[in-house]
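The data block below is upload_4.csv; it holds CSV, C-alpha atoms.
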```
chain,number,residue,atom,x,y,z
N,1,MET,CA,71.1,145.3,97.4
N,2,ALA,CA,74.3,144.9,99.5
N,3,GLU,CA,76.1,141.6,99.3
N,4,PRO,CA,75.7,139.5,102.4
N,5,VAL,CA,78.8,139.2,104.6
N,6,PRO,CA,79.9,135.6,104.8
N,7,ARG,CA,79.6,134.3,108.4
N,8,LEU,CA,78.9,131.1,110.2
N,9,PRO,CA,75.3,130.2,111.0
N,10,PRO,CA,74.2,130.0,114.7
N,11,HIS,CA,75.6,126.9,116.3
N,12,ASP,CA,76.1,125.4,119.8
N,13,GLY,CA,79.0,123.0,119.3
N,14,PRO,CA,82.4,123.1,117.8
N,15,VAL,CA,83.2,124.4,114.3
N,16,ILE,CA,84.8,121.6,112.3
N,17,THR,CA,86.8,122.7,109.3
N,18,VAL,CA,87.7,120.2,106.6
N,19,VAL,CA,89.5,120.0,103.2
N,20,ASP,CA,87.8,117.7,100.8
N,21,MET,CA,89.7,115.8,98.1
N,22,HIS,CA,89.2,112.8,95.9
N,23,CYS,CA,91.7,110.2,94.6
N,24,GLY,CA,90.5,108.1,91.7
N,25,GLY,CA,87.0,109.3,92.5
N,26,GLU,CA,87.1,108.2,96.1
N,27,PRO,CA,86.5,111.0,98.6
N,28,VAL,CA,88.8,112.0,101.4
N,29,ARG,CA,87.6,114.5,104.0
N,30,ILE,CA,90.6,115.8,105.9
N,31,VAL,CA,89.8,117.3,109.3
N,32,GLN,CA,91.7,120.5,109.8
N,33,SER,CA,90.4,121.9,113.1
N,34,GLY,CA,87.6,121.6,115.6
N,35,ALA,CA,88.3,118.0,116.7
N,36,PRO,CA,89.6,117.1,120.2
N,37,VAL,CA,93.1,115.6,120.4
N,38,PRO,CA,92.8,111.9,120.9
N,39,GLN,CA,94.3,110.3,124.0
N,40,GLY,CA,96.8,107.4,123.9
N,41,ARG,CA,100.5,106.7,123.8
N,42,THR,CA,100.5,105.0,120.4
N,43,LEU,CA,98.5,105.5,117.3
N,44,LEU,CA,96.7,102.2,117.8
N,45,GLU,CA,95.8,103.4,121.3
N,46,LYS,CA,94.5,106.6,119.9
N,47,ARG,CA,92.4,104.7,117.4
N,48,ARG,CA,90.8,102.7,120.2
N,49,TRP,CA,90.2,105.8,122.2
N,50,VAL,CA,88.6,107.6,119.3
N,51,ARG,CA,86.4,104.6,118.6
N,52,GLU,CA,85.3,104.5,122.3
N,53,HIS,CA,85.1,108.2,123.2
N,54,MET,CA,85.0,110.3,120.1
N,55,ASP,CA,82.9,108.4,117.6
N,56,TRP,CA,80.5,111.4,117.3
N,57,LEU,CA,83.0,113.1,115.1
N,58,ARG,CA,83.0,110.2,112.6
N,59,LYS,CA,79.3,110.1,112.5
N,60,VAL,CA,79.0,113.9,112.1
N,61,LEU,CA,81.4,114.1,109.2
N,62,MET,CA,80.9,110.7,107.4
N,63,LEU,CA,77.1,110.2,107.6
N,64,GLU,CA,74.2,112.2,106.3
N,65,PRO,CA,73.3,115.1,106.3
N,66,ARG,CA,76.9,116.3,106.0
N,67,GLY,CA,78.3,113.2,104.3
N,68,HIS,CA,76.9,110.1,102.7
N,69,ARG,CA,77.2,106.3,103.2
N,70,ASP,CA,80.4,106.2,101.0
N,71,MET,CA,82.2,109.2,102.5
N,72,TYR,CA,85.8,108.6,103.7
N,73,GLY,CA,87.7,110.7,106.2
N,74,ALA,CA,91.2,111.3,107.6
N,75,LEU,CA,91.8,112.7,111.1
N,76,LEU,CA,95.3,114.1,111.6
N,77,VAL,CA,96.7,113.2,115.0
N,78,PRO,CA,100.1,113.4,116.9
N,79,SER,CA,102.4,110.5,116.2
N,80,GLU,CA,104.8,108.8,118.5
N,81,GLU,CA,107.1,108.1,115.5
N,82,GLU,CA,109.8,110.8,115.5
N,83,SER,CA,110.3,110.5,111.7
N,84,ALA,CA,106.6,110.9,110.9
N,85,HIS,CA,105.5,114.2,109.2
N,86,LEU,CA,102.0,113.4,110.4
N,87,GLY,CA,99.9,110.8,112.0
N,88,VAL,CA,96.5,109.9,110.7
N,89,LEU,CA,93.4,107.9,111.7
N,90,PHE,CA,91.0,106.8,108.9
N,91,MET,CA,87.2,106.9,109.2
N,92,HIS,CA,84.4,105.5,107.1
N,93,ASN,CA,80.7,104.5,107.5
N,94,GLU,CA,81.3,101.7,109.9
N,95,GLY,CA,84.4,102.7,111.9
N,96,TYR,CA,88.1,103.1,111.5
N,97,SER,CA,90.5,101.4,109.0
N,98,THR,CA,94.1,100.5,109.7
N,99,MET,CA,95.3,101.6,106.2
N,100,CYS,CA,94.0,103.6,103.3
N,101,GLY,CA,96.1,104.0,100.1
N,102,HIS,CA,93.9,106.5,98.3
N,103,ALA,CA,93.9,108.7,101.5
N,104,VAL,CA,97.8,108.4,101.7
N,105,LEU,CA,98.0,109.6,98.1
N,106,ALA,CA,95.7,112.6,99.0
N,107,LEU,CA,97.6,113.4,102.2
N,108,GLY,CA,100.9,113.5,100.3
N,109,LYS,CA,99.6,116.3,98.1
N,110,TYR,CA,97.8,118.0,101.1
N,111,ALA,CA,101.1,117.9,103.1
N,112,LEU,CA,103.0,119.5,100.3
N,113,ASP,CA,100.5,122.3,99.8
N,114,TYR,CA,99.8,123.0,103.5
N,115,GLY,CA,103.4,123.3,104.6
N,116,TYR,CA,104.0,120.0,106.4
N,117,LEU,CA,107.1,119.3,104.2
N,118,GLY,CA,108.7,122.7,104.5
N,119,GLU,CA,110.4,124.2,101.5
N,120,ALA,CA,110.2,121.4,99.0
N,121,ALA,CA,113.2,121.2,96.7
N,122,GLY,CA,114.0,118.9,93.8
N,123,SER,CA,111.6,116.9,91.6
N,124,GLU,CA,110.0,115.1,94.6
N,125,VAL,CA,110.1,115.3,98.4
N,126,PRO,CA,110.0,112.4,100.8
N,127,MET,CA,107.6,112.2,103.7
N,128,ASN,CA,106.5,109.7,106.3
N,129,ILE,CA,102.9,109.1,107.2
N,130,HIS,CA,102.2,107.2,110.4
N,131,CYS,CA,99.1,105.0,109.8
N,132,PRO,CA,97.6,102.6,112.3
N,133,CYS,CA,99.2,99.7,110.4
N,134,GLY,CA,102.6,101.3,110.7
N,135,LEU,CA,104.9,103.9,109.1
N,136,VAL,CA,104.2,104.5,105.4
N,137,ARG,CA,107.0,106.2,103.3
N,138,ALA,CA,105.8,108.4,100.5
N,139,TRP,CA,107.3,110.7,97.8
N,140,VAL,CA,105.5,113.7,96.6
N,141,THR,CA,106.2,115.3,93.2
N,142,CYS,CA,106.8,119.0,93.5
N,143,GLY,CA,107.8,121.8,91.2
N,144,ALA,CA,105.9,124.2,88.9
N,145,ASP,CA,104.3,121.6,86.6
N,146,ARG,CA,100.7,121.7,87.8
N,147,GLU,CA,99.8,118.6,85.9
N,148,ARG,CA,102.4,116.5,87.8
N,149,ARG,CA,102.7,118.5,91.1
N,150,GLY,CA,101.1,116.5,93.9
N,151,ALA,CA,101.4,113.1,92.3
N,152,VAL,CA,102.4,110.6,95.0
N,153,ARG,CA,104.0,107.2,95.3
N,154,PHE,CA,104.2,105.3,98.6
N,155,HIS,CA,105.8,102.2,100.0
N,156,SER,CA,103.4,100.6,102.5
N,157,VAL,CA,104.0,98.2,105.3
N,158,PRO,CA,105.0,94.6,104.5
N,159,ALA,CA,102.2,93.0,102.4
N,160,PHE,CA,101.7,89.2,102.3
N,161,CYS,CA,99.4,86.4,101.2
N,162,PHE,CA,97.6,85.0,104.3
N,163,MET,CA,95.8,82.0,102.6
N,164,THR,CA,95.0,80.9,99.1
N,165,ASP,CA,92.1,78.7,97.9
N,166,VAL,CA,90.0,79.1,101.0
N,167,THR,CA,86.5,77.6,100.7
N,168,VAL,CA,83.7,79.3,102.5
N,169,ASP,CA,80.0,78.6,102.5
N,170,VAL,CA,78.1,81.7,101.4
N,171,PRO,CA,74.4,81.8,101.9
N,172,GLY,CA,72.6,81.9,98.5
N,173,LEU,CA,75.9,81.5,96.6
N,174,GLY,CA,77.1,78.1,97.7
N,175,LYS,CA,80.8,77.2,98.2
N,176,VAL,CA,83.1,80.0,97.2
N,177,VAL,CA,86.9,79.8,96.9
N,178,VAL,CA,88.7,83.0,97.9
N,179,ASP,CA,92.3,84.1,98.5
N,180,ILE,CA,93.1,86.4,101.5
N,181,ALA,CA,95.9,88.9,101.5
N,182,TYR,CA,97.1,91.8,103.6
N,183,GLY,CA,98.1,95.2,102.3
N,184,GLY,CA,97.8,97.3,105.5
N,185,ALA,CA,94.4,95.7,105.9
N,186,PHE,CA,93.1,92.2,105.1
N,187,TYR,CA,90.9,91.6,102.0
N,188,SER,CA,89.4,88.5,100.5
N,189,PHE,CA,89.7,88.2,96.7
N,190,VAL,CA,87.5,86.4,94.2
N,191,SER,CA,86.8,86.8,90.5
N,192,ALA,CA,83.4,88.4,89.8
N,193,GLU,CA,83.0,85.9,86.9
N,194,ARG,CA,82.4,83.3,89.6
N,195,PHE,CA,79.0,84.9,90.2
N,196,GLY,CA,78.3,85.7,86.5
N,197,LEU,CA,79.3,89.4,87.0
N,198,ASP,CA,81.7,91.8,85.4
N,199,VAL,CA,83.4,94.4,87.6
N,200,CYS,CA,83.2,97.1,84.9
N,201,THR,CA,79.7,96.6,83.5
N,202,SER,CA,77.5,94.9,86.1
N,203,ARG,CA,75.2,96.8,88.3
N,204,THR,CA,76.9,98.2,91.4
N,205,ARG,CA,74.1,96.8,93.6
N,206,ASP,CA,74.7,93.3,92.4
N,207,LEU,CA,78.5,93.6,93.0
N,208,VAL,CA,77.9,95.0,96.5
N,209,ASP,CA,75.5,92.2,97.4
N,210,VAL,CA,77.9,89.5,96.4
N,211,ALA,CA,81.0,91.1,97.9
N,212,ALA,CA,79.2,91.8,101.2
N,213,ALA,CA,77.9,88.3,101.5
N,214,VAL,CA,81.4,86.9,100.9
N,215,THR,CA,82.9,89.2,103.5
N,216,GLU,CA,80.4,88.1,106.2
N,217,SER,CA,81.1,84.5,105.4
N,218,VAL,CA,84.9,84.9,105.6
N,219,LYS,CA,84.6,86.8,108.8
N,220,ALA,CA,82.5,84.0,110.3
N,221,GLN,CA,84.5,81.0,109.0
N,222,VAL,CA,88.2,82.2,108.8
N,223,LYS,CA,90.2,83.3,111.8
N,224,LEU,CA,92.8,86.0,110.9
N,225,HIS,CA,95.9,86.9,112.7
N,226,HIS,CA,98.6,89.5,112.2
N,227,PRO,CA,102.2,89.2,113.7
N,228,ASP,CA,102.3,92.8,114.9
N,229,SER,CA,99.0,93.4,116.6
N,230,ALA,CA,95.6,91.9,117.2
N,231,ASP,CA,94.2,95.3,116.3
N,232,LEU,CA,95.2,94.5,112.6
N,233,ALA,CA,93.6,91.1,112.5
N,234,PHE,CA,90.2,91.8,110.9
N,235,LEU,CA,88.8,91.4,107.4
N,236,TYR,CA,88.2,94.9,106.0
N,237,GLY,CA,86.3,93.8,102.8
N,238,THR,CA,86.1,91.8,99.7
N,239,ILE,CA,87.7,92.8,96.3
N,240,LEU,CA,86.0,91.4,93.2
N,241,THR,CA,88.4,91.2,90.3
N,242,ASP,CA,88.3,90.6,86.6
N,243,GLY,CA,90.4,87.5,87.1
N,244,LYS,CA,93.3,88.9,85.0
N,245,ASP,CA,96.0,88.3,87.6
N,246,ALA,CA,98.8,87.1,85.3
N,247,TYR,CA,101.2,89.8,84.4
N,248,SER,CA,100.1,92.0,81.5
N,249,GLU,CA,100.7,95.5,80.3
N,250,GLU,CA,96.9,95.9,80.1
N,251,PRO,CA,95.1,97.2,83.2
N,252,THR,CA,93.4,94.7,85.4
N,253,ALA,CA,90.1,95.9,87.0
N,254,ASN,CA,88.6,95.4,90.4
N,255,VAL,CA,85.9,96.7,92.7
N,256,CYS,CA,86.4,96.9,96.5
N,257,VAL,CA,83.5,96.6,98.9
N,258,PHE,CA,84.5,97.4,102.5
N,259,ALA,CA,83.2,98.3,105.9
N,260,ASP,CA,79.4,98.4,105.9
N,261,SER,CA,78.9,97.7,102.1
N,262,GLN,CA,80.9,100.8,101.2
N,263,VAL,CA,82.1,101.0,97.6
N,264,ASP,CA,85.5,102.3,96.8
N,265,ARG,CA,85.4,104.5,93.7
N,266,SER,CA,89.2,104.2,93.3
N,267,PRO,CA,91.2,101.0,92.5
N,268,THR,CA,91.9,100.9,96.3
N,269,GLY,CA,95.5,101.6,97.4
N,270,SER,CA,95.7,99.1,100.2
N,271,GLY,CA,93.8,96.6,98.0
N,272,VAL,CA,96.3,97.0,95.2
N,273,THR,CA,99.1,96.5,97.7
N,274,ALA,CA,97.4,93.2,98.9
N,275,ARG,CA,96.6,92.1,95.4
N,276,ILE,CA,100.2,92.6,94.3
N,277,ALA,CA,101.4,90.6,97.3
N,278,LEU,CA,99.0,87.8,96.3
N,279,GLN,CA,100.2,87.9,92.7
N,280,TYR,CA,103.8,87.8,93.7
N,281,HIS,CA,103.1,84.9,96.0
N,282,LYS,CA,101.6,82.9,93.1
N,283,GLY,CA,104.4,83.7,90.8
N,284,GLN,CA,102.2,85.9,88.5
N,285,ILE,CA,104.3,89.0,88.9
N,286,GLN,CA,108.0,89.6,89.5
N,287,LEU,CA,109.9,92.3,91.4
N,288,GLN,CA,109.8,95.7,89.7
N,289,GLN,CA,107.1,94.7,87.2
N,290,THR,CA,104.7,97.6,87.1
N,291,ARG,CA,101.0,96.8,86.7
N,292,ASN,CA,98.1,99.2,86.2
N,293,PHE,CA,95.0,98.6,88.3
N,294,LYS,CA,91.7,100.0,87.1
N,295,SER,CA,88.6,100.8,89.2
N,296,GLY,CA,85.6,99.0,87.8
N,297,ALA,CA,83.5,101.9,89.2
N,298,THR,CA,85.2,104.9,87.7
N,299,GLY,CA,87.9,103.6,85.4
N,300,SER,CA,90.6,105.5,87.4
N,301,ILE,CA,94.1,104.0,87.5
N,302,PHE,CA,96.6,103.3,90.2
N,303,THR,CA,100.0,101.8,89.4
N,304,GLY,CA,101.7,99.3,91.6
N,305,LYS,CA,104.7,97.0,91.8
N,306,ALA,CA,106.6,94.8,94.3
N,307,VAL,CA,109.9,96.5,94.9
N,308,LYS,CA,111.6,94.1,97.3
N,309,GLU,CA,111.1,91.0,99.4
N,310,THR,CA,110.8,91.2,103.2
N,311,THR,CA,109.1,89.3,106.1
N,312,CYS,CA,106.2,90.0,108.5
N,313,GLY,CA,106.5,87.6,111.4
N,314,ASP,CA,106.6,84.1,109.8
N,315,PHE,CA,105.0,85.4,106.5
N,316,LYS,CA,107.1,86.0,103.4
N,317,ALA,CA,106.2,89.5,102.4
N,318,VAL,CA,106.9,92.2,99.9
N,319,ILE,CA,107.2,96.0,100.0
N,320,VAL,CA,104.8,97.3,97.4
N,321,GLU,CA,104.9,100.7,95.7
N,322,VAL,CA,101.6,102.3,94.7
N,323,SER,CA,101.3,105.5,92.7
N,324,GLY,CA,98.4,107.9,92.0
N,325,HIS,CA,97.1,111.5,92.1
N,326,ALA,CA,94.5,113.2,94.2
N,327,TYR,CA,92.7,116.5,93.6
N,328,TYR,CA,90.9,119.1,95.7
N,329,THR,CA,87.1,119.5,95.6
N,330,GLY,CA,86.5,122.1,98.3
N,331,THR,CA,86.6,123.2,101.9
N,332,SER,CA,83.8,123.3,104.5
N,333,SER,CA,83.1,124.5,108.0
N,334,PHE,CA,80.5,122.3,109.7
N,335,VAL,CA,78.4,123.3,112.7
N,336,LEU,CA,76.0,121.6,115.1
N,337,GLU,CA,72.8,122.9,116.5
N,338,ASN,CA,71.6,121.3,119.7
N,339,GLU,CA,68.0,121.6,118.6
N,340,ASP,CA,68.6,119.5,115.5
N,341,PRO,CA,67.3,116.0,116.1
N,342,LEU,CA,69.6,114.7,113.3
N,343,LYS,CA,72.7,116.6,114.2
N,344,ASN,CA,74.7,113.5,115.0
N,345,GLY,CA,74.2,111.9,111.6
N,346,PHE,CA,72.3,109.0,110.2
N,347,LEU,CA,72.9,106.2,107.6
N,348,LEU,CA,70.3,104.9,105.2
N,349,LYS,CA,70.5,101.2,104.4
```
Can the structure in the file be given as C-alpha cells, please?
Amino acid sequence: MAEPVPRLPPHDGPVITVVDMHCGGEPVRIVQSGAPVPQGRTLLEKRRWVREHMDWLRKVLMLEPRGHRDMYGALLVPSEEESAHLGVLFMHNEGYSTMCGHAVLALGKYALDYGYLGEAAGSEVPMNIHCPCGLVRAWVTCGADRERRGAVRFHSVPAFCFMTDVTVDVPGLGKVVVDIAYGGAFYSFVSAERFGLDVCTSRTRDLVDVAAAVTESVKAQVKLHHPDSADLAFLYGTILTDGKDAYSEEPTANVCVFADSQVDRSPTGSGVTARIALQYHKGQIQLQQTRNFKSGATGSIFTGKAVKETTCGDFKAVIVEVSGHAYYTGTSSFVLENEDPLKNGFLLK
C-alpha cells in the first residue's frame, strides 16, 4: 500500500502555522504565519487592537480543541523600536499579558535558530525583544555545544516593589497580608504556609483555589498604577511562595496562578523579576547575588539576580537578570472549517 502524501485537510479559513516550545515545562506557542498584521502605531496600541478586533486568533490557538486552558502563546508583530529584533504580543486563556519571562527565554532560542539574529558569532549574541511592557534586552548562547546553545539570559524593564504588608479580605480565608511587586506585570505574593499549603507537595487544585481567591480580592481592594502607562496597571496573578525569601544558595520555590486560574509550570520569569525586586526592597538580597527559583509544579529552575539600581517614575527599582533554557516540542499547521460548531475554541471551567 502506497504511503499517503502529506497535505492539509479541507479548510475554509487561514492556515495558521506555529512552532511549539516549552521553558521549564510552561508551553510557548509561537505564531509563524497565517495571522493578520495588527494595526497600531505602538506595541501597546497593537495589543489593544488585537484584543478588540483579532481575539479569534487567541481563542483558536490557546483554547480547546487546539490548545488547553493552560496554553500560552506569542504573536510576533512589527515594533516601532528601531533597535528591536522582534516585537511580541503574549496570549493566554484570558487575554494578553504585558510581559512573559519564559516566553522571552524561548524567543531568544527561536530567534537564534530562525535567523532573526543573522550570523551569530562569539559565545553569545545580544538581542532586543520589544514586549508590551517595554524593551527587554537578552543574550543568547550560541556555538556548537548543543547542551548550552540556546540558553538565554535577559534584563527586563525596571522592576519595583509597589506595596508591602497589604491586608485584604478574602472570602473564606479571612484577612490575608500580601506584598505587591512589578516585574513587567504586577503580582501579589504570599507564603502558601499561610493557608496550610506547600507549593511543592500540595494539590494543584488547592493552590489554584487559594491563589485565585487572593487575586480577585486584591483586584477589588487595591488600586494599582504604573508610571509609564495605564495599560500596565493591572494585577496579573498571585504567586504562592515557600516563604524562603532571605538569601540562600538553596532554591526557593513558588507557584504562579495567573489570568483565568492558569497555572505556570515554570518558575515564572516575570514573577522571578518581581520577586527579586521585592526581596531587594526588603534587604533580603544584594546586587549581583544570584538566586535559584524553583517551580513548585515541575521542579524546573530559573536563576535571577538584581544587577543594578534604577528608577521607574517615583519608585526605586532594579534591573533584574533572569536565566533559563527553552526546548522545542514540535510544529503544527492549524485550519478552520466553517461547518465546525467548535472551530472558534472553548474553555472548560
Q. Of the candidates N:Thr329, N:Ser79, N:Ser270, N:Asn254, which one gets nearest to Ser300 (chain N) if we count only C-alpha atoms?
A.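 Distance minimum relative to Ser300 (chain N) lands on N:Asn254.
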Using all atoms listed in the file, find each residue of region 171-285 of chain N with at least one atom at most 12 Å away from an atom of region 105-128 of chain N; report its shortest atom-to-atom pair and that distance in Å (one decimal), sort the rows by chain and rising residue number, and return the result as CSV.
```
residue,atom,partner,partner_atom,distance
N:Ser266,CA,N:Leu105,CA,11.4
N:Thr268,CA,N:Leu105,CA,10.8
N:Gly269,CA,N:Leu105,CA,8.4
N:Ser270,CA,N:Leu105,CA,11.0
```
Per residue of region 103-151 of chain N within 12 Å of region 311-321 of chain N, what are the shortest atom pair and its distance in Å to one decimal, counting all atoms listed in the file, with rows by chain and residue number, as CSV?
```
residue,atom,partner,partner_atom,distance
N:Leu105,CA,N:Glu321,CA,11.5
N:Val136,CA,N:Glu321,CA,10.4
N:Arg137,CA,N:Glu321,CA,9.6
N:Ala138,CA,N:Glu321,CA,9.1
N:Trp139,CA,N:Glu321,CA,10.5
```
With C-alpha atoms retained, export the selected residues as a short mmCIF file (atom, residue, chain, number, x, y, z; two decimals), in the frame of the given file.
```cif
data_model
loop_
_atom_site.label_atom_id
_atom_site.label_comp_id
_atom_site.auth_asym_id
_atom_site.auth_seq_id
_atom_site.Cartn_x
_atom_site.Cartn_y
_atom_site.Cartn_z
CA LEU N 105 98.00 109.60 98.10
CA VAL N 136 104.20 104.50 105.40
CA ARG N 137 107.00 106.20 103.30
CA ALA N 138 105.80 108.40 100.50
CA TRP N 139 107.30 110.70 97.80
#
```
Q | Within 7 Å of Tyr187 (chain N) using all atoms listed in the file, minus same-chain residues under 5 positions, as a ChimeraX atom specification | A | /N:180-182,235-239
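Interatomic distance, CA of Ala326 (chain N) against CA of Glu250 (chain N): 22.4 Å.
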(Q) Just the number, please: distance in Å from CA of Val140 (chain N) to CA of Ser333 (chain N), one decimal. (A)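 Computed distance, CA of Val140 (chain N) to CA of Ser333 (chain N), equals 27.4 Å.
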Q. Which distance in Å separates CA of Lys305 (chain N) and CA of Cys200 (chain N), to one decimal?
A.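 These atoms are spaced 22.6 Å apart.
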(Q) Which residues are close to region 283-296 of chain N, i.e. within 6 Å by all atoms listed in the file, leaving aside same-chain residues fewer than 5 positions away? Reply as number ranges by chain. (A) N: 199-200, 246-247, 251-255, 266-267, 301-307
Q.
Report as a list in words all protein, DNA and RNA residues lying within 8 Å of Glu193 (chain N), evaluated on all atoms listed in the file, omitting residues in the same chain fewer than 4 positions from it.
A. Leu197, Asp198, Asp242 and Gly243 of chain N
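Distances to Gln39 (chain N) were evaluated for N:Pro9, N:Pro65, N:Pro78, N:Gly184 using only C-alpha atoms, and the minimum falls at N:Pro78.
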Q: Would you mind listing what lies within 9 Å of Ala74 (chain N) as a PyMOL selection string, with all atoms listed in the file counted and same-chain residues fewer than 6 positions away left out?
A: chain N and resi 28-31+88-92+103+107
Using all atoms listed in the file, what residues lie at most 12 Å away from (76.8, 87.9, 101.3) (file coordinates), given as a PDB file with C-alpha atoms, keeping the file's coordinate frame?
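Ended up saving to point09.pdb:
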```pdb
ATOM      1  CA  VAL N 168      83.700  79.300 102.500  1.00  0.00           C
ATOM      2  CA  ASP N 169      80.000  78.600 102.500  1.00  0.00           C
ATOM      3  CA  VAL N 170      78.100  81.700 101.400  1.00  0.00           C
ATOM      4  CA  PRO N 171      74.400  81.800 101.900  1.00  0.00           C
ATOM      5  CA  GLY N 172      72.600  81.900  98.500  1.00  0.00           C
ATOM      6  CA  LEU N 173      75.900  81.500  96.600  1.00  0.00           C
ATOM      7  CA  GLY N 174      77.100  78.100  97.700  1.00  0.00           C
ATOM      8  CA  LYS N 175      80.800  77.200  98.200  1.00  0.00           C
ATOM      9  CA  VAL N 176      83.100  80.000  97.200  1.00  0.00           C
ATOM     10  CA  PHE N 195      79.000  84.900  90.200  1.00  0.00           C
ATOM     11  CA  ASP N 206      74.700  93.300  92.400  1.00  0.00           C
ATOM     12  CA  LEU N 207      78.500  93.600  93.000  1.00  0.00           C
ATOM     13  CA  VAL N 208      77.900  95.000  96.500  1.00  0.00           C
ATOM     14  CA  ASP N 209      75.500  92.200  97.400  1.00  0.00           C
ATOM     15  CA  VAL N 210      77.900  89.500  96.400  1.00  0.00           C
ATOM     16  CA  ALA N 211      81.000  91.100  97.900  1.00  0.00           C
ATOM     17  CA  ALA N 212      79.200  91.800 101.200  1.00  0.00           C
ATOM     18  CA  ALA N 213      77.900  88.300 101.500  1.00  0.00           C
ATOM     19  CA  VAL N 214      81.400  86.900 100.900  1.00  0.00           C
ATOM     20  CA  THR N 215      82.900  89.200 103.500  1.00  0.00           C
ATOM     21  CA  GLU N 216      80.400  88.100 106.200  1.00  0.00           C
ATOM     22  CA  SER N 217      81.100  84.500 105.400  1.00  0.00           C
ATOM     23  CA  VAL N 218      84.900  84.900 105.600  1.00  0.00           C
ATOM     24  CA  LYS N 219      84.600  86.800 108.800  1.00  0.00           C
ATOM     25  CA  ALA N 220      82.500  84.000 110.300  1.00  0.00           C
ATOM     26  CA  GLY N 237      86.300  93.800 102.800  1.00  0.00           C
ATOM     27  CA  THR N 238      86.100  91.800  99.700  1.00  0.00           C
ATOM     28  CA  VAL N 257      83.500  96.600  98.900  1.00  0.00           C
ATOM     29  CA  ASP N 260      79.400  98.400 105.900  1.00  0.00           C
ATOM     30  CA  SER N 261      78.900  97.700 102.100  1.00  0.00           C
TER      31      SER N 261
END
```
**Q.** 10 Å contact set for Ser229 (chain N), only C-alpha atoms, chain neighbours under 4 positions out, as a ChimeraX atom specification
**A.** /N:44,133,225,233
Q. With distances taken over all atoms listed in the file, which of N:Val166, N:Leu63, N:Ala144, N:Val322 is nearest to Leu342 (chain N)?
A. N:Leu63
Q. For the point (89.6, 110.8, 92.6) in file coordinates, what residues are within 9 Å, counting all atoms listed in the file? Give the answer as a PyMOL selection string?
A. chain N and resi 21-28+102+265-266+298+300+325-328
